[in-house]
Every structure is written in C-alpha cells, then in structure tokens.
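What follows is upload-v8.cif (mmCIF, C-alpha atoms).
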```
data_entry
loop_
_atom_site.label_atom_id
_atom_site.label_comp_id
_atom_site.auth_asym_id
_atom_site.auth_seq_id
_atom_site.Cartn_x
_atom_site.Cartn_y
_atom_site.Cartn_z
CA MET F 1 -22.45 18.52 -27.83
CA LYS F 2 -19.17 17.83 -26.07
CA LYS F 3 -18.49 20.01 -23.02
CA GLN F 4 -14.88 20.69 -22.01
CA VAL F 5 -13.74 20.60 -18.39
CA ASN F 6 -10.30 22.09 -17.72
CA ALA F 7 -8.16 20.87 -14.82
CA ASP F 8 -4.58 21.35 -13.68
CA VAL F 9 -3.93 17.65 -12.98
CA VAL F 10 -5.81 14.43 -13.65
CA VAL F 11 -4.83 11.55 -11.36
CA ILE F 12 -5.63 8.16 -12.90
CA GLY F 13 -5.96 5.46 -10.25
CA GLY F 14 -7.52 5.50 -6.78
CA GLY F 15 -5.17 3.37 -4.72
CA ILE F 16 -3.25 4.80 -1.77
CA ALA F 17 -0.70 6.60 -3.98
CA GLY F 18 -3.34 8.22 -6.16
CA LEU F 19 -5.52 9.25 -3.23
CA TRP F 20 -2.64 10.78 -1.23
CA LEU F 21 -1.51 12.74 -4.29
CA PHE F 22 -5.07 13.77 -5.14
CA ARG F 23 -5.70 15.10 -1.64
CA LYS F 24 -2.39 16.94 -1.49
CA LEU F 25 -3.04 18.60 -4.87
CA ASN F 26 -6.51 19.75 -3.84
CA LEU F 27 -5.26 21.08 -0.51
CA SER F 28 -2.54 22.99 -2.39
CA GLY F 29 -5.03 24.73 -4.66
CA TYR F 30 -4.74 22.61 -7.81
CA LYS F 31 -7.78 21.82 -9.90
CA ALA F 32 -7.32 18.07 -9.52
CA VAL F 33 -9.60 15.25 -10.69
CA LEU F 34 -9.29 11.57 -9.80
CA LEU F 35 -10.42 8.82 -12.18
CA GLU F 36 -10.92 5.26 -10.96
CA ASN F 37 -11.80 2.31 -13.17
CA ASN F 38 -12.94 0.03 -10.35
CA ALA F 39 -13.29 1.12 -6.71
CA LEU F 40 -11.20 3.28 -4.40
CA GLY F 41 -8.53 1.25 -2.68
CA GLY F 42 -7.44 -0.51 -5.83
CA ASP F 43 -6.54 -4.15 -6.01
CA GLN F 44 -3.07 -3.85 -4.49
CA THR F 45 -3.80 -1.24 -1.79
CA ILE F 46 -6.73 -2.98 -0.12
CA LYS F 47 -4.83 -6.29 -0.04
CA SER F 48 -1.82 -4.83 1.76
CA GLN F 49 -1.11 -5.67 5.40
CA GLY F 50 -1.25 -2.00 6.40
CA ILE F 51 2.29 -1.93 7.83
CA ILE F 52 3.99 1.46 7.52
CA HIS F 53 7.39 -0.11 7.67
CA GLY F 54 10.72 1.63 7.93
CA GLY F 55 12.85 -0.99 6.23
CA THR F 56 13.90 -3.03 9.26
CA LYS F 57 12.81 -6.24 7.56
CA TYR F 58 15.37 -5.46 4.85
CA THR F 59 18.22 -5.52 7.39
CA LEU F 60 17.98 -9.18 8.39
CA SER F 61 21.28 -9.82 6.63
CA GLY F 62 22.88 -7.77 9.42
CA SER F 63 23.62 -4.70 7.28
CA LEU F 64 21.82 -1.66 5.93
CA THR F 65 20.48 -2.01 2.41
CA LYS F 66 19.52 0.72 -0.04
CA ALA F 67 15.87 -0.28 0.35
CA SER F 68 16.02 0.09 4.14
CA GLN F 69 17.63 3.52 3.85
CA CYS F 70 15.13 4.79 1.26
CA ILE F 71 12.14 4.29 3.55
CA ALA F 72 13.73 4.80 6.98
CA GLY F 73 11.92 8.11 7.55
CA MET F 74 8.49 7.01 6.35
CA PRO F 75 7.04 5.80 9.69
CA ASP F 76 7.69 9.20 11.30
CA ARG F 77 6.17 10.95 8.29
CA TRP F 78 3.02 8.84 8.59
CA ARG F 79 2.86 9.31 12.37
CA LYS F 80 2.86 13.09 11.86
CA ALA F 81 -0.01 12.74 9.39
CA LEU F 82 -1.88 10.47 11.82
CA ALA F 83 -1.42 13.10 14.54
CA GLY F 84 -2.82 15.81 12.25
CA LYS F 85 0.55 17.55 11.92
CA GLU F 86 0.86 17.20 8.13
CA GLN F 87 -1.10 18.99 5.41
CA VAL F 88 -2.51 15.58 4.51
CA ASN F 89 -4.29 14.96 7.81
CA LEU F 90 -4.92 11.30 8.62
CA SER F 91 -6.10 11.82 12.19
CA GLY F 92 -9.36 9.97 11.49
CA THR F 93 -7.56 6.77 10.52
CA LYS F 94 -8.05 3.58 12.54
CA ILE F 95 -4.75 2.33 13.97
CA LEU F 96 -4.61 -1.43 14.41
CA SER F 97 -1.31 -1.39 16.29
CA ASN F 98 1.11 1.37 17.23
CA TYR F 99 4.00 -1.04 16.59
CA GLN F 100 4.94 -3.98 14.45
CA TYR F 101 7.25 -6.43 16.25
CA LEU F 102 10.11 -8.68 15.22
CA TRP F 103 10.57 -12.02 16.90
CA SER F 104 12.98 -14.88 16.79
CA PRO F 105 11.69 -18.30 17.87
CA GLY F 106 15.22 -19.12 19.09
CA GLY F 107 18.29 -17.10 20.00
CA LEU F 108 19.46 -14.36 17.67
CA GLY F 109 22.98 -14.58 16.33
CA SER F 110 25.42 -12.25 18.06
CA ARG F 111 26.03 -10.32 14.82
CA LEU F 112 22.35 -9.56 14.33
CA THR F 113 21.88 -8.72 18.02
CA SER F 114 24.77 -6.22 17.85
CA PHE F 115 23.43 -4.75 14.64
CA PHE F 116 19.96 -4.16 16.07
CA ALA F 117 21.57 -2.37 19.01
CA SER F 118 23.80 -0.23 16.78
CA LYS F 119 23.56 3.47 16.09
CA ALA F 120 22.48 2.63 12.51
CA LEU F 121 19.09 1.36 13.72
CA ARG F 122 18.60 3.68 16.67
CA GLY F 123 14.98 4.84 16.82
CA ARG F 124 13.88 2.03 14.52
CA VAL F 125 14.40 -1.07 16.68
CA ASP F 126 13.99 -1.40 20.47
CA SER F 127 14.89 -4.50 22.45
CA LEU F 128 12.15 -5.51 24.91
CA LYS F 129 12.23 -7.20 28.28
CA PRO F 130 9.92 -10.23 28.65
CA GLU F 131 7.44 -8.26 30.74
CA GLN F 132 7.16 -5.75 27.84
CA TYR F 133 6.32 -8.40 25.26
CA PRO F 134 2.89 -8.25 23.57
CA ALA F 135 0.41 -10.68 25.16
CA ILE F 136 0.77 -13.19 22.32
CA PHE F 137 4.41 -13.78 23.35
CA GLN F 138 3.83 -13.86 27.15
CA HIS F 139 3.32 -17.61 27.27
CA GLN F 140 5.47 -20.29 28.87
CA GLY F 141 5.91 -21.95 25.52
CA PHE F 142 7.68 -18.92 24.05
CA LYS F 143 11.49 -19.09 24.34
CA GLY F 144 12.56 -16.48 21.81
CA THR F 145 13.39 -12.77 21.63
CA VAL F 146 11.11 -9.86 20.74
CA TYR F 147 11.99 -6.45 19.33
CA GLN F 148 9.67 -3.49 18.91
CA LEU F 149 9.79 -1.70 15.56
CA ASN F 150 8.81 1.89 14.85
CA GLU F 151 6.19 0.67 12.38
CA VAL F 152 2.52 1.51 12.86
CA VAL F 153 -0.11 -0.83 11.39
CA LEU F 154 -3.22 0.77 9.89
CA ASP F 155 -6.68 -0.28 8.82
CA VAL F 156 -6.29 0.44 5.11
CA SER F 157 -10.02 0.96 4.46
CA SER F 158 -10.07 3.77 7.01
CA VAL F 159 -7.06 5.45 5.34
CA ILE F 160 -8.94 5.44 2.03
CA ASN F 161 -12.04 6.93 3.68
CA VAL F 162 -10.01 9.75 5.25
CA LEU F 163 -8.14 10.59 2.04
CA VAL F 164 -11.27 10.88 -0.10
CA ALA F 165 -13.51 12.58 2.51
CA GLY F 166 -14.86 15.89 1.22
CA LEU F 167 -13.44 15.38 -2.27
CA GLU F 168 -15.97 12.89 -3.58
CA HIS F 169 -17.31 15.54 -6.00
CA ARG F 170 -13.96 15.58 -7.79
CA CYS F 171 -13.70 11.79 -8.23
CA ILE F 172 -15.20 10.04 -11.26
CA LYS F 173 -16.03 6.36 -11.65
CA ILE F 174 -15.12 5.46 -15.23
CA ASP F 175 -14.77 2.33 -17.34
CA TRP F 176 -12.05 2.32 -19.99
CA ASN F 177 -13.96 -0.38 -21.88
CA SER F 178 -17.23 1.50 -22.18
CA ASN F 179 -17.49 5.16 -21.16
CA ALA F 180 -13.97 6.63 -21.07
CA LYS F 181 -11.25 7.00 -23.69
CA ILE F 182 -7.81 8.62 -23.69
CA ILE F 183 -7.32 10.87 -26.72
CA ALA F 184 -3.65 10.99 -27.63
CA ASN F 185 -1.48 12.30 -30.44
CA HIS F 186 2.21 11.44 -30.87
CA ARG F 187 2.35 9.95 -27.34
CA THR F 188 0.92 13.13 -25.80
CA ILE F 189 -2.47 13.09 -24.11
CA GLU F 190 -4.85 15.65 -25.60
CA GLY F 191 -7.63 14.86 -23.14
CA ILE F 192 -10.01 12.17 -21.92
CA ASP F 193 -13.53 11.75 -23.30
CA ILE F 194 -15.99 10.64 -20.61
CA HIS F 195 -19.64 9.67 -21.02
CA GLN F 196 -21.76 10.20 -17.92
CA GLY F 197 -25.41 9.35 -18.47
CA ASN F 198 -26.49 11.17 -21.63
CA GLU F 199 -23.69 13.69 -21.38
CA LEU F 200 -20.26 13.59 -23.01
CA PHE F 201 -17.47 15.81 -21.75
CA HIS F 202 -13.82 16.24 -22.58
CA LEU F 203 -11.52 16.39 -19.55
CA LYS F 204 -8.39 18.34 -20.40
CA ALA F 205 -5.46 18.89 -18.01
CA LYS F 206 -1.97 20.31 -17.97
CA ARG F 207 -0.64 17.02 -16.60
CA TYR F 208 -1.94 13.44 -16.36
CA VAL F 209 -0.52 11.24 -13.59
CA THR F 210 -0.91 7.45 -13.63
CA THR F 211 -1.20 5.87 -10.19
CA ALA F 212 -3.09 2.78 -11.31
CA GLY F 213 -0.69 0.08 -10.10
CA SER F 214 -1.02 -3.00 -12.27
CA GLY F 215 -3.42 -1.11 -14.55
CA THR F 216 -0.73 1.38 -15.54
CA ALA F 217 0.76 -0.87 -18.25
CA ASP F 218 -2.54 -0.97 -20.17
CA LEU F 219 -3.12 2.74 -19.64
CA ILE F 220 0.19 3.94 -21.03
CA ALA F 221 -0.21 1.57 -23.98
CA GLN F 222 -3.41 3.47 -24.84
CA TRP F 223 -1.41 6.52 -25.76
CA GLY F 224 1.46 4.65 -27.36
CA LEU F 225 4.18 4.64 -24.70
CA VAL F 226 6.72 1.83 -24.87
CA LYS F 227 8.65 2.90 -21.76
CA PRO F 228 8.68 2.89 -18.80
CA GLN F 229 7.82 -0.78 -18.49
CA MET F 230 6.16 -2.63 -15.63
CA GLN F 231 6.98 -5.82 -13.78
CA VAL F 232 4.77 -7.88 -11.52
CA ARG F 233 6.01 -9.77 -8.45
CA PRO F 234 3.28 -12.11 -7.17
CA LEU F 235 2.37 -13.12 -3.63
CA HIS F 236 0.01 -15.82 -2.35
CA MET F 237 -1.29 -14.67 1.02
CA VAL F 238 -2.98 -16.81 3.69
CA MET F 239 -5.93 -15.61 5.77
CA VAL F 240 -7.19 -17.33 8.91
CA LYS F 241 -10.37 -16.19 10.67
CA HIS F 242 -10.65 -17.35 14.28
CA GLY F 243 -11.69 -16.54 17.83
CA TYR F 244 -8.29 -16.72 19.55
CA PRO F 245 -8.28 -13.59 21.76
CA GLU F 246 -4.74 -12.26 21.33
CA PRO F 247 -3.79 -10.31 18.18
CA ILE F 248 -0.33 -10.44 16.64
CA PHE F 249 1.58 -7.88 14.59
CA ALA F 250 5.02 -9.31 13.97
CA HIS F 251 7.73 -10.46 11.57
CA CYS F 252 9.35 -13.79 12.41
CA ILE F 253 13.06 -14.08 11.68
CA GLY F 254 13.99 -17.09 9.58
CA ALA F 255 17.07 -18.31 7.78
CA LYS F 256 16.67 -15.96 4.80
CA ARG F 257 16.89 -12.22 4.27
CA VAL F 258 13.10 -11.89 4.26
CA PRO F 259 10.94 -12.66 7.30
CA ARG F 260 9.96 -16.30 7.62
CA ILE F 261 6.41 -15.09 8.18
CA THR F 262 4.80 -11.67 8.70
CA ILE F 263 1.46 -11.59 10.52
CA THR F 264 -1.00 -8.74 10.94
CA THR F 265 -4.38 -8.93 12.67
CA HIS F 266 -7.63 -7.44 11.35
CA PRO F 267 -10.90 -7.25 13.34
CA THR F 268 -14.20 -8.43 11.88
CA ALA F 269 -17.67 -7.08 12.58
CA ALA F 270 -18.39 -10.30 14.49
CA LYS F 271 -15.54 -9.51 16.91
CA GLN F 272 -13.24 -12.17 15.56
CA TRP F 273 -9.77 -11.76 14.09
CA VAL F 274 -8.40 -12.37 10.64
CA TRP F 275 -4.70 -13.13 10.76
CA TYR F 276 -3.08 -12.17 7.45
CA LEU F 277 0.15 -13.99 6.61
CA GLY F 278 2.88 -12.51 4.41
CA GLY F 279 6.66 -12.75 4.25
CA GLU F 280 8.55 -15.76 2.89
CA ILE F 281 5.47 -17.98 3.14
CA ALA F 282 3.62 -15.64 0.74
CA GLU F 283 6.53 -15.29 -1.68
CA GLU F 284 7.12 -19.04 -1.82
CA GLY F 285 3.37 -19.65 -1.78
CA VAL F 286 2.96 -18.66 -5.43
CA LYS F 287 4.21 -22.18 -6.27
CA TYR F 288 1.38 -23.86 -4.38
CA SER F 289 -2.35 -24.37 -4.65
CA SER F 290 -4.55 -22.76 -2.02
CA GLU F 291 -5.05 -26.09 -0.25
CA ALA F 292 -1.32 -26.88 -0.17
CA LEU F 293 -0.40 -23.40 1.08
CA ILE F 294 -3.01 -23.55 3.86
CA ASN F 295 -1.50 -26.83 5.04
CA ILE F 296 1.95 -25.21 5.11
CA ALA F 297 0.56 -22.23 7.05
CA LYS F 298 -1.09 -24.52 9.62
CA GLN F 299 2.24 -26.28 10.19
CA GLU F 300 4.09 -22.97 10.50
CA LEU F 301 1.70 -21.50 13.06
CA ALA F 302 1.70 -24.75 15.05
CA ALA F 303 5.50 -24.70 15.14
CA LEU F 304 5.95 -20.99 15.85
CA LEU F 305 2.93 -20.25 18.08
CA PRO F 306 1.89 -23.67 19.48
CA TRP F 307 -0.14 -22.17 22.32
CA ALA F 308 -2.40 -20.23 19.88
CA ASN F 309 -5.45 -22.48 19.51
CA MET F 310 -6.77 -22.30 15.93
CA GLY F 311 -9.59 -24.77 16.56
CA GLY F 312 -12.65 -23.90 14.50
CA ALA F 313 -10.70 -21.44 12.35
CA LYS F 314 -11.63 -20.76 8.74
CA TRP F 315 -8.80 -20.63 6.21
CA SER F 316 -8.46 -19.09 2.78
CA THR F 317 -5.86 -17.55 0.47
CA LEU F 318 -5.70 -14.73 -2.03
CA ARG F 319 -3.21 -13.83 -4.71
CA VAL F 320 -1.70 -10.35 -4.96
CA ASN F 321 0.32 -8.92 -7.82
CA ARG F 322 2.75 -6.19 -6.77
CA ALA F 323 3.08 -3.88 -9.77
CA GLU F 324 6.39 -2.03 -10.01
CA PRO F 325 8.72 -0.40 -12.54
CA LYS F 326 10.68 -3.04 -14.40
CA GLN F 327 14.02 -3.97 -12.82
CA SER F 328 16.81 -6.25 -13.97
CA SER F 329 16.22 -9.84 -12.81
CA VAL F 330 12.79 -8.77 -11.47
CA LEU F 331 14.43 -7.37 -8.34
CA ARG F 332 12.44 -5.32 -5.84
CA PRO F 333 12.78 -1.56 -6.55
CA ASP F 334 14.03 0.50 -3.63
CA ALA F 335 12.07 3.73 -3.97
CA ALA F 336 8.93 5.25 -5.45
CA PHE F 337 9.10 5.70 -9.22
CA CYS F 338 8.08 8.86 -11.11
CA GLN F 339 8.94 9.63 -14.73
CA GLN F 340 7.64 12.47 -16.85
CA VAL F 341 6.80 11.54 -20.45
CA ASN F 342 5.58 14.54 -22.46
CA ASN F 343 2.54 15.83 -20.54
CA SER F 344 2.11 12.72 -18.40
CA ILE F 345 3.84 11.45 -15.27
CA VAL F 346 4.04 7.67 -14.94
CA THR F 347 4.39 6.42 -11.37
CA TRP F 348 4.53 3.31 -9.22
CA PRO F 349 4.76 3.77 -5.42
CA THR F 350 6.25 0.23 -5.06
CA LYS F 351 5.19 0.14 -1.38
CA LEU F 352 2.24 1.42 0.68
CA THR F 353 4.59 3.27 2.99
CA LEU F 354 6.08 5.33 0.12
CA ALA F 355 2.80 7.04 -0.91
CA PRO F 356 3.78 10.43 0.61
CA ASN F 357 7.24 10.20 -0.98
CA LEU F 358 5.67 9.61 -4.39
CA THR F 359 3.47 12.68 -3.90
CA ASP F 360 6.53 14.79 -3.07
CA GLU F 361 8.26 13.65 -6.25
CA VAL F 362 5.23 14.35 -8.46
CA ILE F 363 4.81 17.85 -7.04
CA LYS F 364 8.51 18.55 -7.67
CA ILE F 365 8.04 17.54 -11.30
CA LEU F 366 4.94 19.74 -11.60
CA ALA F 367 6.79 22.73 -10.15
CA LYS F 368 9.82 22.18 -12.39
CA SER F 369 7.49 22.02 -15.40
CA GLY F 370 5.80 25.27 -14.43
CA VAL F 371 2.47 23.64 -13.55
CA GLU F 372 1.33 25.71 -10.57
CA PRO F 373 -1.99 25.66 -8.65
CA SER F 374 -4.58 27.82 -10.42
CA GLY F 375 -7.06 27.88 -7.52
CA ASN F 376 -9.90 25.42 -7.04
CA GLU F 377 -12.51 27.00 -4.78
CA THR F 378 -15.13 27.14 -7.53
CA PHE F 379 -13.89 24.10 -9.48
CA SER F 380 -16.57 21.51 -10.17
CA LEU F 381 -17.36 18.59 -12.45
CA PRO F 382 -20.64 17.89 -14.29
CA GLU F 383 -23.38 17.10 -11.77
CA ASN F 384 -24.05 13.55 -12.94
CA CYS F 385 -20.48 12.32 -12.34
CA ALA F 386 -20.53 9.31 -10.02
CA CYS F 387 -17.89 8.84 -7.34
CA PRO F 388 -16.34 5.35 -7.14
CA LYS F 389 -17.22 3.21 -4.15
CA ILE F 390 -14.63 2.27 -1.52
CA LEU F 391 -13.53 -1.35 -1.53
CA PRO F 392 -14.43 -3.38 1.58
CA PRO F 393 -11.68 -5.10 3.63
CA PHE F 394 -9.65 -7.63 1.64
CA TRP F 395 -11.00 -10.60 3.57
CA SER F 396 -14.72 -9.76 3.45
CA SER F 397 -15.53 -11.59 0.21
CA TYR F 398 -13.83 -14.73 1.52
CA PHE F 399 -15.46 -15.06 4.93
CA ASP F 400 -18.53 -12.79 5.07
#
```
So, in terms of structure tokens, how does the structure I just supplied come out?
Amino acid sequence: MKKQVNADVVVIGGGIAGLWLFRKLNLSGYKAVLLENNALGGDQTIKSQGIIHGGTKYTLSGSLTKASQCIAGMPDRWRKALAGKEQVNLSGTKILSNYQYLWSPGGLGSRLTSFFASKALRGRVDSLKPEQYPAIFQHQGFKGTVYQLNEVVLDVSSVINVLVAGLEHRCIKIDWNSNAKIIANHRTIEGIDIHQGNELFHLKAKRYVTTAGSGTADLIAQWGLVKPQMQVRPLHMVMVKHGYPEPIFAHCIGAKRVPRITITTHPTAAKQWVWYLGGEIAEEGVKYSSEALINIAKQELAALLPWANMGGAKWSTLRVNRAEPKQSSVLRPDAAFCQQVNNSIVTWPTKLTLAPNLTDEVIKILAKSGVEPSGNETFSLPENCACPKILPPFWSSYFD
C-alpha cells in the first residue's frame, strides 16, 4: 500500500544552494523535504574553493561589470550569517581565511591602481603596506603589490555540516535509477514515488525546486520540460599537497580579465596544506592532460612564488563542470537563476557566493504563488528514510 506524505516544498539537490534554501524554509515554518541522489555537498559545491567573493576579480579590466555589481553585497551577507546575525546561522562554520588577497607580481598600471582606490570599490578593496602583507608575501623575493579583499574563505564541508544540522530527519537519500521516480502529467509534477526498504510512499508538495546543479538537466527532462536549458563550463583544477608552512589565499593579476591564478589553502588531518589552483590556469587547463597541466602549474608557482619550496609535494588534478542556465556564446551568467514552470521552480545558483540570493528569489516566487508556510513542528517522514552522507573534502580521494 502506498502511503502519501504531504509537504509544502520539496528541494531536489543537496549542494550549497539546496541546503541553504532547505534550512531557510524549515526555519520559516515550511514543511520542506530535501532529496539528494548522491551525497550532501554535491559535485560542484564540494569542489569549490570556498571563496565568498564580491566580484572584485571581475573588475580587472579597470571598470565595474554587471557580474561584479550583482554579487557586491554577498560577502557582507555571508559575514552576518557567520556571526549568527542571520536567520540562517552559520556561526559553527570553519573559516579558513578572513580575507582573500589580490597580488600583482610587478607594478600595477596606473589606471587599475586608481580604480582600486576609487569610490566604486570602497569597502571591497584595501591597499596594504608591506608590513601588512600576509606572511607568504613578506619575503625578499617578492617585489609586487598586495590588496586585501572583503572576501572570506570557508571550509565548504563545515558549511554543509552546519546547514544540515538538526534537519537530517527531513533529508532523504534517493536514487533516480532504482528507488525514486518523478510522476508527472503535462509537464506538471504530481508527486515523487520513493521506495525505502519494503515501504513505498508518495511525496506530494505544493512546489518542487531543483537545486541539483549539473543533475538538473536530467531531472527536468523526466517531467518533459524543454526549457530552461543548461550549459556547462568546465575547469581543470590543480591540487598540490605539501609541507610548506605559509598558507596563501590570493588572486594573481595577469594580462587577462580573469586572474592569472587563484590559490586557496586547505588543511589536512596530517597538518599539511593542499593548495588549490583556479583562475586562468584552470580555465585554460581543460585543454591539457593532468600531467601537462601539473607541469604548467609547477612553472607558474616557481615563477610567481619562487621562495615557496615545493620539494616533496604531491600533485594531482580534478575536473569540475560548472552547471549554469544556458547563455549565448556560453558566457558566464551574472546572477542566480530561478524560473517557475507550472508547479516547479528550476534554479541554478551559478556561484557559491549567490546561495542566499537564490533562496531569497525562490521564497519571493513561493509568496507570489500563494505558497505560505503551513507549520512544521510535527512534520515527519517515514522512519526508515535514510539521510544522505556528507561528502569529504574534495582532495581526500586523491591524497588520503
């Protein structure tokens, strides 16, 4: 016999966007359920560098772009959550660095220097004196300039833990290939059949929200949607595990409008560091094999940070697909994407930093559609529903 479970909202996908939305909905009194096909943290979320950036890296042309303006307020929004001053309280999150930095290995052009000092970037970029530089740049071999950005860097695994804490009983580990099926009629979702053990239940909601990243394309195809469409922009990231004592959290300015290299530092259980390399090297790296890209990365680090001894380091790479709403010429979208289609809301956050913005947009759509919280104090799922596990750090399967 099929049992029916009624919810206000079903969130499909347990990456950062889905988890932030799921927590916000539950805190607001919605009967909200989260479904995850793999593990919490998703493929894209756990592989991010954890930078809550405010768009400064999009201003390297010397002018404000739409992308930089769309996310300018996000670092302050996250800092409030990290301080426990938002409804979504992230005060238990591990902060890797209170600031991301921007450095030039040579002199900055006068136009860019003036722009960084302008009113347009006030509060987002601070020029530092040499004695204020992070330790990694306080070496005789460094001859460049360093700026401090209002961009906190987070341990992504800890963010996931905080967002799901206390709500595990409303998360369900499913498999679309074996124990879960979307039931749809004329591109409208009628419910989701889920087998758990020997029990079958029908999960029915007023709204279904997809936050599954690259999995969203397959999901919406299940109930016959042709639009919106998805695009994928690939990256090939480099990881280097080593014992050099000084961490680095910085974008390096190059000749292009994207950073020449972006480095974040992640601690291991063995008290070593994993430097994670993004930026231009990761975008261009999709053309290369792992071995070729590692050789390029070694040359770059030797040229940019020659005093950082990488002797005995272990190197590896991983590929990341950034799933986004389809744009002309596969351009990078500027903001979070939310579109209501019948009784579903299809979303892509486009960036880690935009997760709270995506939640705001979804809740606006719910309110406009008349989907209000119905109260969730006594809301529960069948007892044998299993909560998905949380993915380990991105580098763990490569080095540990």
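Put simply, CA of Asn38 (chain F) is 10.5 Å away from CA of Cys387 (chain F).
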Selection under test: the PyMOL selection byres ((chain F and resi 23-36) around 7); residues as JSON, numbers by chain: {"F": [7, 8, 9, 10, 11, 12, 13, 14, 19, 20, 21, 22, 37, 38, 39, 40, 88, 163, 170, 171, 172, 173, 174, 373, 374, 375, 376, 379, 388]}
All residues 12 Å or closer to region 214-229 of chain F, all atoms listed in the file, same chain fewer than 5 positions away omitted, as a PyMOL selection string: chain F and resi 11-15+18+36-38+42-45+175-177+180-192+208-209+234+320-328+330+337-350
Filtering to C-alpha atoms, could you give me those residues as a JSON list (two decimals), in the frame of the given file?
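Output (selection_20.json):
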```json
[["chain", "number", "residue", "atom", "x", "y", "z"],
["F", 11, "VAL", "CA", -4.83, 11.55, -11.36],
["F", 12, "ILE", "CA", -5.63, 8.16, -12.90],
["F", 13, "GLY", "CA", -5.96, 5.46, -10.25],
["F", 14, "GLY", "CA", -7.52, 5.50, -6.78],
["F", 15, "GLY", "CA", -5.17, 3.37, -4.72],
["F", 18, "GLY", "CA", -3.34, 8.22, -6.16],
["F", 36, "GLU", "CA", -10.92, 5.26, -10.96],
["F", 37, "ASN", "CA", -11.80, 2.31, -13.17],
["F", 38, "ASN", "CA", -12.94, 0.03, -10.35],
["F", 42, "GLY", "CA", -7.44, -0.51, -5.83],
["F", 43, "ASP", "CA", -6.54, -4.15, -6.01],
["F", 44, "GLN", "CA", -3.07, -3.85, -4.49],
["F", 45, "THR", "CA", -3.80, -1.24, -1.79],
["F", 175, "ASP", "CA", -14.77, 2.33, -17.34],
["F", 176, "TRP", "CA", -12.05, 2.32, -19.99],
["F", 177, "ASN", "CA", -13.96, -0.38, -21.88],
["F", 180, "ALA", "CA", -13.97, 6.63, -21.07],
["F", 181, "LYS", "CA", -11.25, 7.00, -23.69],
["F", 182, "ILE", "CA", -7.81, 8.62, -23.69],
["F", 183, "ILE", "CA", -7.32, 10.87, -26.72],
["F", 184, "ALA", "CA", -3.65, 10.99, -27.63],
["F", 185, "ASN", "CA", -1.48, 12.30, -30.44],
["F", 186, "HIS", "CA", 2.21, 11.44, -30.87],
["F", 187, "ARG", "CA", 2.35, 9.95, -27.34],
["F", 188, "THR", "CA", 0.92, 13.13, -25.80],
["F", 189, "ILE", "CA", -2.47, 13.09, -24.11],
["F", 190, "GLU", "CA", -4.85, 15.65, -25.60],
["F", 191, "GLY", "CA", -7.63, 14.86, -23.14],
["F", 192, "ILE", "CA", -10.01, 12.17, -21.92],
["F", 208, "TYR", "CA", -1.94, 13.44, -16.36],
["F", 209, "VAL", "CA", -0.52, 11.24, -13.59],
["F", 234, "PRO", "CA", 3.28, -12.11, -7.17],
["F", 320, "VAL", "CA", -1.70, -10.35, -4.96],
["F", 321, "ASN", "CA", 0.32, -8.92, -7.82],
["F", 322, "ARG", "CA", 2.75, -6.19, -6.77],
["F", 323, "ALA", "CA", 3.08, -3.88, -9.77],
["F", 324, "GLU", "CA", 6.39, -2.03, -10.01],
["F", 325, "PRO", "CA", 8.72, -0.40, -12.54],
["F", 326, "LYS", "CA", 10.68, -3.04, -14.40],
["F", 327, "GLN", "CA", 14.02, -3.97, -12.82],
["F", 328, "SER", "CA", 16.81, -6.25, -13.97],
["F", 330, "VAL", "CA", 12.79, -8.77, -11.47],
["F", 337, "PHE", "CA", 9.10, 5.70, -9.22],
["F", 338, "CYS", "CA", 8.08, 8.86, -11.11],
["F", 339, "GLN", "CA", 8.94, 9.63, -14.73],
["F", 340, "GLN", "CA", 7.64, 12.47, -16.85],
["F", 341, "VAL", "CA", 6.80, 11.54, -20.45],
["F", 342, "ASN", "CA", 5.58, 14.54, -22.46],
["F", 343, "ASN", "CA", 2.54, 15.83, -20.54],
["F", 344, "SER", "CA", 2.11, 12.72, -18.40],
["F", 345, "ILE", "CA", 3.84, 11.45, -15.27],
["F", 346, "VAL", "CA", 4.04, 7.67, -14.94],
["F", 347, "THR", "CA", 4.39, 6.42, -11.37],
["F", 348, "TRP", "CA", 4.53, 3.31, -9.22],
["F", 349, "PRO", "CA", 4.76, 3.77, -5.42],
["F", 350, "THR", "CA", 6.25, 0.23, -5.06]]
```
Interatomic distance, CA of Ile71 (chain F) to CA of Gly54 (chain F) (Å, one decimal): 5.3 Å
Point (-8.5, 1.3, 4.6) neighbourhood (12 Å, only C-alpha atoms) written as a PyMOL selection string: chain F and resi 15-16+19+40-42+44-51+90+92-96+153-164+266+352+390-394
